[in-house]
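**Q** So here's coords.pdb (PDB, C-alpha atoms, pLDDT in the B column).
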```pdb
ATOM      1  CA  MET A   1       8.532  -6.767 -19.233  1.00 48.00           C
ATOM      2  CA  HIS A   2      10.613  -4.018 -17.671  1.00 49.00           C
ATOM      3  CA  ASN A   3      14.013  -4.770 -16.250  1.00 48.00           C
ATOM      4  CA  ALA A   4      14.669  -4.069 -12.597  1.00 47.00           C
ATOM      5  CA  GLU A   5      17.722  -2.048 -13.684  1.00 44.00           C
ATOM      6  CA  GLU A   6      15.368   0.732 -14.875  1.00 47.00           C
ATOM      7  CA  VAL A   7      14.264   1.733 -11.399  1.00 50.00           C
ATOM      8  CA  TYR A   8      15.551   4.284  -8.920  1.00 48.00           C
ATOM      9  CA  LEU A   9      16.876   2.662  -5.739  1.00 46.00           C
ATOM     10  CA  THR A  10      16.167   4.531  -2.520  1.00 50.00           C
ATOM     11  CA  ASP A  11      19.015   4.202   0.010  1.00 55.00           C
ATOM     12  CA  CYS A  12      19.846   0.673  -1.148  1.00 57.00           C
ATOM     13  CA  GLU A  13      22.883  -1.343  -2.131  1.00 59.00           C
ATOM     14  CA  PHE A  14      22.475  -3.662  -5.069  1.00 59.00           C
ATOM     15  CA  ALA A  15      24.407  -6.264  -6.961  1.00 63.00           C
ATOM     16  CA  LYS A  16      23.771  -7.793 -10.342  1.00 66.00           C
ATOM     17  CA  LYS A  17      24.099 -11.571 -10.477  1.00 64.00           C
ATOM     18  CA  GLU A  18      23.297 -13.223 -13.789  1.00 65.00           C
ATOM     19  CA  ASN A  19      20.240 -11.259 -14.963  1.00 62.00           C
ATOM     20  CA  ASP A  20      18.862 -10.510 -11.487  1.00 58.00           C
ATOM     21  CA  ILE A  21      19.200  -7.455  -9.283  1.00 56.00           C
ATOM     22  CA  TYR A  22      19.801  -8.412  -5.652  1.00 58.00           C
ATOM     23  CA  VAL A  23      18.719  -5.637  -3.330  1.00 58.00           C
ATOM     24  CA  LYS A  24      19.702  -4.905   0.269  1.00 57.00           C
ATOM     25  CA  CYS A  25      18.304  -1.693   1.708  1.00 54.00           C
ATOM     26  CA  LYS A  26      19.692   0.204   4.665  1.00 53.00           C
ATOM     27  CA  ASN A  27      16.479   1.714   6.016  1.00 52.00           C
ATOM     28  CA  GLU A  28      13.411   1.001   3.914  1.00 57.00           C
ATOM     29  CA  ASN A  29      12.986  -1.876   1.512  1.00 77.00           C
ATOM     30  CA  VAL A  30      11.714   0.355  -1.281  1.00 80.00           C
ATOM     31  CA  ILE A  31      12.409   0.783  -4.978  1.00 80.00           C
ATOM     32  CA  ALA A  32      10.728   3.774  -6.667  1.00 81.00           C
ATOM     33  CA  VAL A  33       9.652   4.276 -10.289  1.00 83.00           C
ATOM     34  CA  LYS A  34       8.516   7.813 -11.080  1.00 82.00           C
ATOM     35  CA  GLY A  35       5.720   8.879 -13.437  1.00 85.00           C
ATOM     36  CA  VAL A  36       4.331   5.572 -14.736  1.00 85.00           C
ATOM     37  CA  ASP A  37       1.485   6.208 -17.202  1.00 87.00           C
ATOM     38  CA  PHE A  38      -1.126   3.435 -17.111  1.00 87.00           C
ATOM     39  CA  GLY A  39      -3.377   5.163 -19.645  1.00 86.00           C
ATOM     40  CA  ASP A  40      -7.011   4.062 -19.489  1.00 86.00           C
ATOM     41  CA  LYS A  41      -6.616   0.880 -17.450  1.00 85.00           C
ATOM     42  CA  CYS A  42      -4.205  -1.566 -15.869  1.00 86.00           C
ATOM     43  CA  ARG A  43      -5.545  -5.037 -15.004  1.00 88.00           C
ATOM     44  CA  GLY A  44      -2.639  -7.084 -13.630  1.00 92.00           C
ATOM     45  CA  PHE A  45       0.949  -7.167 -12.411  1.00 93.00           C
ATOM     46  CA  ALA A  46       3.646  -9.800 -13.006  1.00 92.00           C
ATOM     47  CA  ALA A  47       7.186 -10.043 -11.639  1.00 91.00           C
ATOM     48  CA  LYS A  48       9.980 -12.504 -12.368  1.00 89.00           C
ATOM     49  CA  VAL A  49      11.812 -13.235  -9.127  1.00 87.00           C
ATOM     50  CA  ARG A  50      13.767 -15.943  -7.334  1.00 85.00           C
ATOM     51  CA  GLY A  51      14.207 -16.399  -3.594  1.00 84.00           C
ATOM     52  CA  SER A  52      11.589 -15.957  -0.910  1.00 84.00           C
ATOM     53  CA  GLY A  53       9.679 -12.984   0.384  1.00 85.00           C
ATOM     54  CA  THR A  54       6.894 -10.563  -0.374  1.00 88.00           C
ATOM     55  CA  LEU A  55       6.620  -7.722  -2.868  1.00 90.00           C
ATOM     56  CA  GLU A  56       3.981  -4.993  -2.678  1.00 92.00           C
ATOM     57  CA  VAL A  57       3.446  -2.394  -5.377  1.00 93.00           C
ATOM     58  CA  ARG A  58       2.145   0.836  -3.834  1.00 93.00           C
ATOM     59  CA  LEU A  59       0.789   3.955  -5.503  1.00 94.00           C
ATOM     60  CA  ASP A  60       2.337   7.417  -5.151  1.00 91.00           C
ATOM     61  CA  LYS A  61       4.214   6.916  -1.838  1.00 89.00           C
ATOM     62  CA  PRO A  62       5.909   4.078   0.074  1.00 87.00           C
ATOM     63  CA  ASP A  63       2.899   3.708   2.386  1.00 90.00           C
ATOM     64  CA  GLY A  64       0.301   4.445  -0.329  1.00 94.00           C
ATOM     65  CA  GLU A  65      -2.546   2.290  -1.608  1.00 95.00           C
ATOM     66  CA  VAL A  66      -1.487  -1.312  -2.341  1.00 95.00           C
ATOM     67  CA  LEU A  67      -1.928  -1.941  -6.065  1.00 94.00           C
ATOM     68  CA  SER A  68      -0.546  -5.492  -5.981  1.00 94.00           C
ATOM     69  CA  ALA A  69       0.926  -7.888  -3.418  1.00 93.00           C
ATOM     70  CA  LEU A  70       2.921 -11.017  -4.258  1.00 92.00           C
ATOM     71  CA  LYS A  71       4.252 -13.683  -1.921  1.00 92.00           C
ATOM     72  CA  PHE A  72       6.834 -16.013  -3.444  1.00 88.00           C
ATOM     73  CA  ASP A  73       9.268 -18.807  -2.722  1.00 90.00           C
ATOM     74  CA  ALA A  74      11.282 -20.118  -5.679  1.00 86.00           C
ATOM     75  CA  ASP A  75      14.834 -21.451  -6.035  1.00 87.00           C
ATOM     76  CA  ASP A  76      14.838 -20.634  -9.764  1.00 86.00           C
ATOM     77  CA  ARG A  77      13.365 -17.614 -11.518  1.00 86.00           C
ATOM     78  CA  ALA A  78       9.588 -17.797 -11.646  1.00 88.00           C
ATOM     79  CA  VAL A  79       6.872 -15.404 -12.784  1.00 90.00           C
ATOM     80  CA  TYR A  80       4.246 -14.454 -10.201  1.00 90.00           C
ATOM     81  CA  TYR A  81       1.040 -12.679 -11.242  1.00 91.00           C
ATOM     82  CA  ASN A  82      -2.035 -11.159  -9.629  1.00 89.00           C
ATOM     83  CA  ASP A  83      -4.812  -8.707 -10.407  1.00 89.00           C
ATOM     84  CA  ALA A  84      -4.012  -5.000 -10.120  1.00 90.00           C
ATOM     85  CA  GLU A  85      -6.390  -2.273 -11.299  1.00 90.00           C
ATOM     86  CA  THR A  86      -5.568   1.395 -11.750  1.00 92.00           C
ATOM     87  CA  ASP A  87      -5.389   4.072 -14.432  1.00 90.00           C
ATOM     88  CA  GLY A  88      -3.717   7.417 -15.079  1.00 90.00           C
ATOM     89  CA  ARG A  89      -0.204   8.463 -14.050  1.00 88.00           C
ATOM     90  CA  HIS A  90       1.357   7.354 -10.748  1.00 90.00           C
ATOM     91  CA  ASP A  91       4.667   7.013  -8.997  1.00 88.00           C
ATOM     92  CA  LEU A  92       5.191   3.353  -8.055  1.00 88.00           C
ATOM     93  CA  PHE A  93       6.907   2.050  -4.958  1.00 87.00           C
ATOM     94  CA  PHE A  94       8.009  -1.588  -4.827  1.00 88.00           C
ATOM     95  CA  VAL A  95       8.064  -2.413  -1.100  1.00 88.00           C
ATOM     96  CA  PHE A  96       9.588  -5.768  -0.261  1.00 82.00           C
ATOM     97  CA  ASP A  97      10.640  -8.082   2.499  1.00 82.00           C
ATOM     98  CA  GLY A  98      12.894 -11.121   2.225  1.00 79.00           C
ATOM     99  CA  GLU A  99      15.954 -12.016   0.224  1.00 77.00           C
ATOM    100  CA  PHE A 100      15.452 -12.413  -3.477  1.00 77.00           C
ATOM    101  CA  GLY A 101      16.547 -11.551  -6.985  1.00 79.00           C
ATOM    102  CA  PHE A 102      14.226  -9.189  -8.859  1.00 76.00           C
ATOM    103  CA  ASP A 103      14.609  -9.604 -12.631  1.00 77.00           C
ATOM    104  CA  GLU A 104      11.615  -8.229 -14.537  1.00 85.00           C
ATOM    105  CA  TRP A 105       8.193  -6.719 -13.939  1.00 86.00           C
ATOM    106  CA  GLN A 106       5.190  -5.941 -16.139  1.00 89.00           C
ATOM    107  CA  PHE A 107       1.690  -4.535 -15.954  1.00 89.00           C
ATOM    108  CA  ALA A 108      -1.069  -5.955 -18.139  1.00 86.00           C
ATOM    109  CA  GLY A 109      -3.456  -3.599 -19.929  1.00 76.00           C
ATOM    110  CA  LYS A 110      -7.139  -3.820 -20.721  1.00 63.00           C
TER     111      LYS A 110
END
```
Before we go any further, please render this structure as structure tokens.
**A**
Amino acid sequence: MHNAEEVYLTDCEFAKKENDIYVKCKNENVIAVKGVDFGDKCRGFAAKVRGSGTLEVRLDKPDGEVLSALKFDADDRAVYYNDAETDGRHDLFFVFDGEFGFDEWQFAGK
């Protein structure tokens, strides 16, 4: 899994509490990761979060194609997973709503 600390925050304030990144954005609720290479195929997405809200992973721009969408509600850290298919190189935008801690994320291959 990748740690949330590896991402580029767009116009956001963040705080680290335990192993989670708590994010509060001023304008858009967006975290960007540039130049992710999925190679031949990506099949799924997982994120370890706590709190309640929604998290969408979008391709190439904040309002781009939705690769994955998770809805969650957990007092303790929990892993949420769903199908997500793409390939090649993309910029990723994590677009979220709610109040939650974002710890780790991972894409599953073939």
**Q** May I have the protein, DNA and RNA residues with an atom at most 10 Å from (-4.8, -7.9, -13.8), counting all atoms listed in the file in the file's coordinates, returned as a PyMOL selection string?
**A** chain A and resi 41-46+68+81-86+107-110
**Q** For A:Gly98, find every residue with an atom within 8 Å (counting only C-alpha atoms), except residues of its own chain fewer than 2 positions away, and show them as a PyMOL selection string.
**A** chain A and resi 51-54+96+100
**Q** Between A:Asp87, A:Asp40, A:Asp97, A:Asp103, which one has atoms that come closest to A:Leu67, using only C-alpha atoms?
**A**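 Of all the options, A:Asp87 lies closest to A:Leu67.
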**Q** Which is closest to A:Asp76 among A:Arg50, A:Arg89, A:Gly101, A:Leu59, if we use all atoms listed in the file?
**A**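 The shortest atom-to-atom distance to A:Asp76 comes from A:Arg50.
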**Q** Could you check which of A:Asp75, A:Glu104, A:His90, A:Glu56 is closest to A:Asn29, using only C-alpha atoms?
**A** A:Glu56
**Q** What does the distance from atom CA of A:Asp60 to atom CA of A:Ala47 come to in Å, to one decimal?
**A** 19.2 Å
**Q** Record the distance separating atom CA of A:Val36 and atom CA of A:Gly88, expressed in Å with one decimal.
**A**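 For atom CA of A:Val36 relative to atom CA of A:Gly88, the distance reads 8.3 Å.
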**Q** Compare A:Val79, A:Ile31, A:Leu92, A:Val49 by their minimum atom-to-atom distance to A:Val66, counting all atoms listed in the file, and give me the closest one.
**A**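 With all atoms listed in the file as the atom set, the closest residue is A:Leu92.
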**Q** Between A:Ala74, A:Lys34, A:Leu55, A:Gly39, single out the one closest to A:Phe94, counting all atoms listed in the file.
**A**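 Of A:Ala74, A:Lys34, A:Leu55, A:Gly39, the one nearest A:Phe94, counting all atoms listed in the file, is A:Leu55.
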**Q** For A:Lys48, which residue out of A:Asp63, A:Ala69, A:Trp105, A:Val95 is the nearest one, using all atoms listed in the file?
**A**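 Among the listed residues, A:Trp105 lies closest to A:Lys48.
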**Q** Grab the atom CA of A:Asp73 to atom CA of A:Val30 distance for me, in Å with one decimal place.
**A**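 About the pair atom CA of A:Asp73 and atom CA of A:Val30: they are 19.4 Å apart.
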